[in-house]
Each structure stands twice: as structure tokens, then as C-alpha cells.
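Pasting target_35.txt here (compact mmCIF, C-alpha atoms and all ligand atoms):
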# COMPACT_ATOMS: atom_id res chain seq x y z
CA MET A 1 0.00 0.00 0.00
CA SER A 2 1.51 3.33 -1.04
CA PRO A 3 0.96 6.53 0.95
CA ASP A 4 -1.26 7.73 -1.88
CA ASP A 5 -3.80 4.95 -1.48
CA PRO A 6 -7.12 5.95 0.09
CA PRO A 7 -7.47 4.66 3.66
CA GLN A 8 -8.59 1.06 4.17
CA LEU A 9 -11.27 -0.11 6.59
CA PRO A 10 -12.16 1.01 9.16
CA PHE A 11 -12.99 4.36 7.62
CA ALA A 12 -12.82 7.61 9.46
CA PRO A 13 -16.20 9.36 9.67
CA LEU A 14 -16.81 10.71 6.19
CA GLU A 15 -20.16 12.42 6.52
CA ALA A 16 -19.82 16.15 6.40
CA PRO A 17 -21.40 18.07 9.27
CA ALA A 18 -24.90 19.36 8.61
CA PRO A 19 -24.78 22.59 6.59
CA PHE A 20 -27.38 24.21 8.85
CA SER A 21 -28.05 24.84 12.51
CA VAL A 22 -31.05 23.36 14.29
CA GLU A 23 -33.63 25.27 16.27
CA VAL A 24 -36.29 23.42 18.27
CA VAL A 25 -39.65 25.05 18.97
CA ARG A 26 -41.89 23.34 21.52
CA SER A 27 -45.51 23.97 20.70
CA PRO A 28 -48.33 23.28 23.20
CA LYS A 29 -50.72 23.14 20.25
CA ARG A 30 -48.94 20.18 18.66
CA ARG A 31 -50.11 16.81 19.91
CA LYS A 32 -48.27 14.12 17.98
CA THR A 33 -46.69 15.35 14.80
CA VAL A 34 -43.25 16.81 14.33
CA GLN A 35 -42.68 19.32 11.57
CA ALA A 36 -39.35 20.33 10.12
CA ARG A 37 -38.59 23.18 7.74
CA LEU A 38 -35.33 24.47 6.37
CA GLU A 39 -35.33 28.27 6.54
CA GLY A 40 -32.12 29.62 5.08
CA GLU A 41 -29.39 28.03 7.17
CA THR A 42 -31.61 27.04 10.04
CA LEU A 43 -33.56 23.81 10.34
CA ARG A 44 -36.63 24.70 12.41
CA LEU A 45 -38.15 21.77 14.21
CA MET A 46 -41.66 22.13 15.65
CA ILE A 47 -42.35 19.43 18.23
CA PRO A 48 -45.18 18.76 20.70
CA ALA A 49 -44.48 20.47 24.03
CA ARG A 50 -44.94 17.24 25.98
CA LEU A 51 -42.05 15.36 24.30
CA SER A 52 -39.23 14.22 26.61
CA GLN A 53 -35.65 15.43 26.19
CA ALA A 54 -34.70 12.00 24.85
CA GLU A 55 -37.47 12.11 22.25
CA GLU A 56 -36.43 15.62 21.29
CA ARG A 57 -32.84 14.43 20.78
CA ARG A 58 -34.00 11.54 18.66
CA TRP A 59 -36.07 13.82 16.43
CA VAL A 60 -33.24 16.33 16.11
CA GLU A 61 -30.87 13.53 15.02
CA GLU A 62 -33.33 12.01 12.58
CA MET A 63 -34.38 15.28 10.97
CA THR A 64 -30.80 16.57 10.79
CA GLU A 65 -29.81 13.38 8.99
CA ARG A 66 -32.77 13.54 6.63
CA PHE A 67 -32.26 17.19 5.67
CA ARG A 68 -28.48 16.79 5.42
CA ARG A 69 -28.99 14.04 2.85
CA THR A 70 -31.43 16.20 0.90
CA VAL A 71 -29.05 19.17 0.85
CA GLN A 72 -26.10 16.97 -0.14
CA SER A 73 -27.99 15.15 -2.88
CA GLN A 74 -29.20 18.44 -4.34
CA ALA A 75 -25.57 19.51 -4.67
CA VAL A 76 -24.83 16.54 -6.95
CA ASP A 77 -25.53 16.95 -10.66
CA LEU A 78 -26.50 13.36 -11.38
CA ASP A 79 -27.04 13.84 -15.12
CA LEU A 80 -23.57 15.28 -15.53
CA ARG A 81 -21.95 12.60 -13.35
CA ALA A 82 -23.71 9.75 -15.17
CA ALA A 83 -22.86 11.15 -18.61
CA SER A 84 -19.19 11.59 -17.75
CA LEU A 85 -18.91 8.13 -16.13
CA ALA A 86 -20.65 6.56 -19.13
CA ARG A 87 -18.22 8.25 -21.51
CA ARG A 88 -15.17 7.33 -19.46
CA HIS A 89 -16.11 3.65 -19.07
CA ASP A 90 -17.73 3.15 -22.47
CA LEU A 91 -21.21 2.45 -21.09
CA PRO A 92 -24.62 3.75 -22.26
CA THR A 93 -25.86 7.11 -21.00
CA PRO A 94 -29.17 6.79 -19.12
CA ALA A 95 -32.28 8.58 -20.36
CA SER A 96 -32.93 9.66 -16.77
CA ILE A 97 -31.23 9.37 -13.39
CA ARG A 98 -32.62 10.66 -10.11
CA TRP A 99 -32.58 10.31 -6.32
CA VAL A 100 -35.45 8.50 -4.64
CA ASP A 101 -36.47 8.29 -0.98
CA ASN A 102 -38.42 5.05 -1.15
CA GLN A 103 -35.45 2.70 -1.59
CA GLN A 104 -34.25 2.02 1.92
CA HIS A 105 -32.79 -1.41 1.22
CA ARG A 106 -31.45 -1.09 -2.30
CA TRP A 107 -28.72 1.37 -3.25
CA GLY A 108 -30.24 1.81 -6.68
CA SER A 109 -32.33 0.34 -9.43
CA CYS A 110 -32.48 0.41 -13.18
CA THR A 111 -35.24 -0.01 -15.79
CA PRO A 112 -33.25 -0.80 -18.96
CA SER A 113 -36.31 -0.68 -21.27
CA ILE A 114 -36.68 3.07 -20.64
CA GLY A 115 -33.08 3.78 -19.60
CA ALA A 116 -34.14 4.98 -16.15
CA ILE A 117 -31.86 4.84 -13.09
CA ARG A 118 -32.87 5.60 -9.51
CA LEU A 119 -30.46 5.99 -6.58
CA SER A 120 -31.29 5.84 -2.90
CA ARG A 121 -30.83 9.28 -1.38
CA ARG A 122 -29.04 7.61 1.55
CA LEU A 123 -26.00 7.37 -0.74
CA ALA A 124 -25.69 11.15 -0.88
CA ALA A 125 -23.93 11.11 2.49
CA TYR A 126 -21.17 8.85 1.12
CA PRO A 127 -17.93 9.90 -0.61
CA PRO A 128 -18.26 10.76 -4.31
CA TRP A 129 -16.19 7.74 -5.45
CA VAL A 130 -18.75 5.42 -3.79
CA VAL A 131 -21.68 7.19 -5.46
CA ASP A 132 -19.78 6.96 -8.75
CA TYR A 133 -19.40 3.21 -8.28
CA VAL A 134 -23.16 2.80 -7.77
CA ILE A 135 -23.82 4.90 -10.87
CA VAL A 136 -21.44 2.70 -12.91
CA HIS A 137 -23.12 -0.41 -11.46
CA GLU A 138 -26.52 0.85 -12.65
CA LEU A 139 -25.08 1.95 -16.03
CA ALA A 140 -23.79 -1.60 -16.48
CA HIS A 141 -27.38 -2.82 -15.88
CA LEU A 142 -28.41 -0.87 -18.99
CA VAL A 143 -26.38 -3.51 -20.86
CA GLU A 144 -26.69 -6.62 -18.65
CA THR A 145 -29.82 -6.86 -16.54
CA ASN A 146 -28.59 -9.49 -14.06
CA HIS A 147 -25.38 -9.96 -12.08
CA SER A 148 -23.77 -12.29 -14.62
CA PRO A 149 -20.00 -12.57 -15.19
CA ALA A 150 -20.48 -10.30 -18.22
CA PHE A 151 -22.08 -7.74 -15.92
CA HIS A 152 -19.22 -7.91 -13.43
CA ALA A 153 -16.72 -7.38 -16.24
CA LEU A 154 -18.56 -4.17 -17.17
CA GLU A 155 -18.72 -2.82 -13.65
CA ALA A 156 -15.03 -3.68 -13.13
CA ARG A 157 -14.22 -0.95 -15.66
CA TYR A 158 -14.63 1.37 -12.68
CA PRO A 159 -11.19 1.09 -11.02
CA ARG A 160 -12.44 1.49 -7.45
CA ALA A 161 -15.36 -0.94 -7.78
CA GLU A 162 -14.01 -3.47 -5.29
CA ARG A 163 -13.13 -0.82 -2.74
CA ALA A 164 -16.59 0.78 -3.09
CA ILE A 165 -18.27 -2.61 -2.61
CA GLY A 166 -16.25 -2.99 0.62
CA PHE A 167 -17.38 0.43 1.75
CA LEU A 168 -21.04 -0.35 1.03
CA LEU A 169 -20.81 -3.73 2.79
CA ALA A 170 -19.39 -1.97 5.85
CA LYS A 171 -22.41 0.36 5.74
CA GLY A 172 -24.77 -2.61 5.73
CA TRP A 173 -25.59 -2.80 2.01
CA GLY A 174 -25.25 -6.22 0.41
CA GLU A 175 -23.29 -6.65 -2.80
CA GLU A 176 -26.34 -7.60 -4.81
CA GLN A 177 -28.63 -4.86 -3.58
CA GLY A 178 -29.20 -3.07 -6.80
ZN ZN A 201 -27.15 -4.72 -9.63

Let me see the structure of the file written as C-alpha cells.
Amino acid sequence: MSPDDPPQLPFAPLEAPAPFSVEVVRSPKRRKTVQARLEGETLRLMIPARLSQAEERRWVEEMTERFRRTVQSQAVDLDLRAASLARRHDLPTPASIRWVDNQQHRWGSCTPSIGAIRLSRRLAAYPPWVVDYVIVHELAHLVETNHSPAFHALEARYPRAERAIGFLLAKGWGEEQG
């Protein structure tokens, strides 16, 4: 391993801190629901007045995480990334690629018939070279729909594929989850 190699497992924390501060407002009028709104650089959290400190902490953590992912994913130009990765690795360019919030257990999915790729927004918190791997994985599905040896040869065109798979496994994603 040369000094230029990226660090091996275990990884240092890679998630950037939230790009906003959090303000909690306890409202006696709220009974059950928690509402969160990003106003400029402040995430305003409206919670029922009766919530315990522990519950408040849990909501602050959850909402901070959720909004951080949204802000980070909005900063990524997926079309541009996919087009450049497709060019570099001689793979098809997708007709569409977008973040989705309803894929909690798959890092991404692909509908080859219409050239559509969807990525779980959870990935937005990961380093760019991991997101790039997942994009290449889904681009390869535009050619090979299943995880055949031919498919793996395509995805191996991305030089950090193996390292990215290791990263995703460490985060709890299986190798065949997309
Ligand atoms: Zn796959």
C-alpha cells in the first residue's frame, strides 16, 4: 500500500457536518406530529411540548440526517456525473437518473427498457467515489440486466469498484442490492 492509497477499513467518519443549525420550537398546540422546515441556514423543528428530552434528541438527530442528505444530494448533478462516467467507461448514457427516498434497502435500481436509473438518497452522504461506483453499477445494468460474469466485467471498468463494494458492505448494504 503506497501513501497515496485511500485509507482502508475502518474508515474515518466521512459524513460532512450538517450545513445548517437546528432550532427546536416546543408547541403546546402540537399533539403528535413533528414538523421540520429548512429556513435559510436554520432547520426549524416544531415538536409537541410534551415530548421528553430523549425524544427531542431523537427527532433532532433524525431530521438533521434527513435534511443533510437532501441538501447533499441536491448539490450533486446526477445527469452530468452519469454522462461523464458513461463516456469514461464506455457504457450507455441513461435517459434519466434521479434520487429516490423510497429505496431504503437497495442502493439503486435500473429499468433498462426506458433507460431509467434511480439511486437511494441515503447514498448522498457517502464519498463521491462510492456514489460513482453505484452509478457505474446501474449503467452496467443498462447492458446486462442481471449480475452475470459479463455484468461484473462491465462494472469492473470502474477502477475502485471493489473498494466501493467494501465500503457499502461496511455500511450494511449487500453486494447484490441493486
Ligand atoms: Zn445490480

Between CA of Gly108 in chain A and CA of Glu138 in chain A - distance in Å to one decimal: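 Result for CA of Glu138 in chain A versus CA of Gly108 in chain A: 7.1 Å, one decimal.
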
Straight-line distance linking CA of Trp59 in chain A with CA of Ala75 in chain A, stated in Å to one decimal: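 That distance, rounded to one decimal, is 24.2 Å.
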
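For the pair CA of Ala153 in chain A and CA of Leu91 in chain A, the separation is 11.8 Å.
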
Shell of 10 Å around ligand ZN 201 (chain A) (all atoms listed in the file), written as number ranges by chain: A: 106-110, 134, 136-141, 144-148, 151-152, 155, 175-178

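Among the candidates A:Asp101, A:Pro149, A:Pro159, A:Thr93, the residue lying nearest to Ile114 in chain A is A:Thr93 (atoms considered: only C-alpha atoms).
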
Option closest in space to Val24 in chain A, from A:Arg87, A:His105, A:Arg37, A:Arg68 [counting only C-alpha atoms]: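 Of A:Arg87, A:His105, A:Arg37, A:Arg68, the one nearest Val24 in chain A is A:Arg37, counting only C-alpha atoms.
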
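Minimum atom-to-atom distances from A:Arg31, A:Arg50, A:Arg66, A:Arg44 to Arg122 in chain A were compared using all atoms listed in the file, and the lowest value belongs to A:Arg66.
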
Among the residues A:Trp99, A:Tyr133, A:Phe20, A:Tyr126, the one that comes closest to Ile165 in chain A [using all atoms listed in the file]: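 Among the listed residues, A:Tyr133 lies closest to Ile165 in chain A.
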
Pick from A:Ala156, A:Ala170, A:Leu78, A:Leu51, whichever lies nearest to Ala95 in chain A using only C-alpha atoms: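 Of all the options, A:Leu78 lies closest to Ala95 in chain A.
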
Nearest-residue call for Lys29 in chain A, choices A:Ala49, A:Leu43, A:Val130, A:Leu142, using only C-alpha atoms: A:Ala49

Long-range neighbours of Thr70 in chain A as a PyMOL selection string, 8 Å cut-off, only C-alpha atoms, 3 positions minimum in chain: chain A and resi 66-67+73-74+121+124

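Summary of the local environment: counting all atoms listed in the file, residues at most 7 Å from Arg26 in chain A, other than itself and those fewer than 5 positions away along its chain, are Met46, Ile47, Pro48 and Ala49 of chain A.
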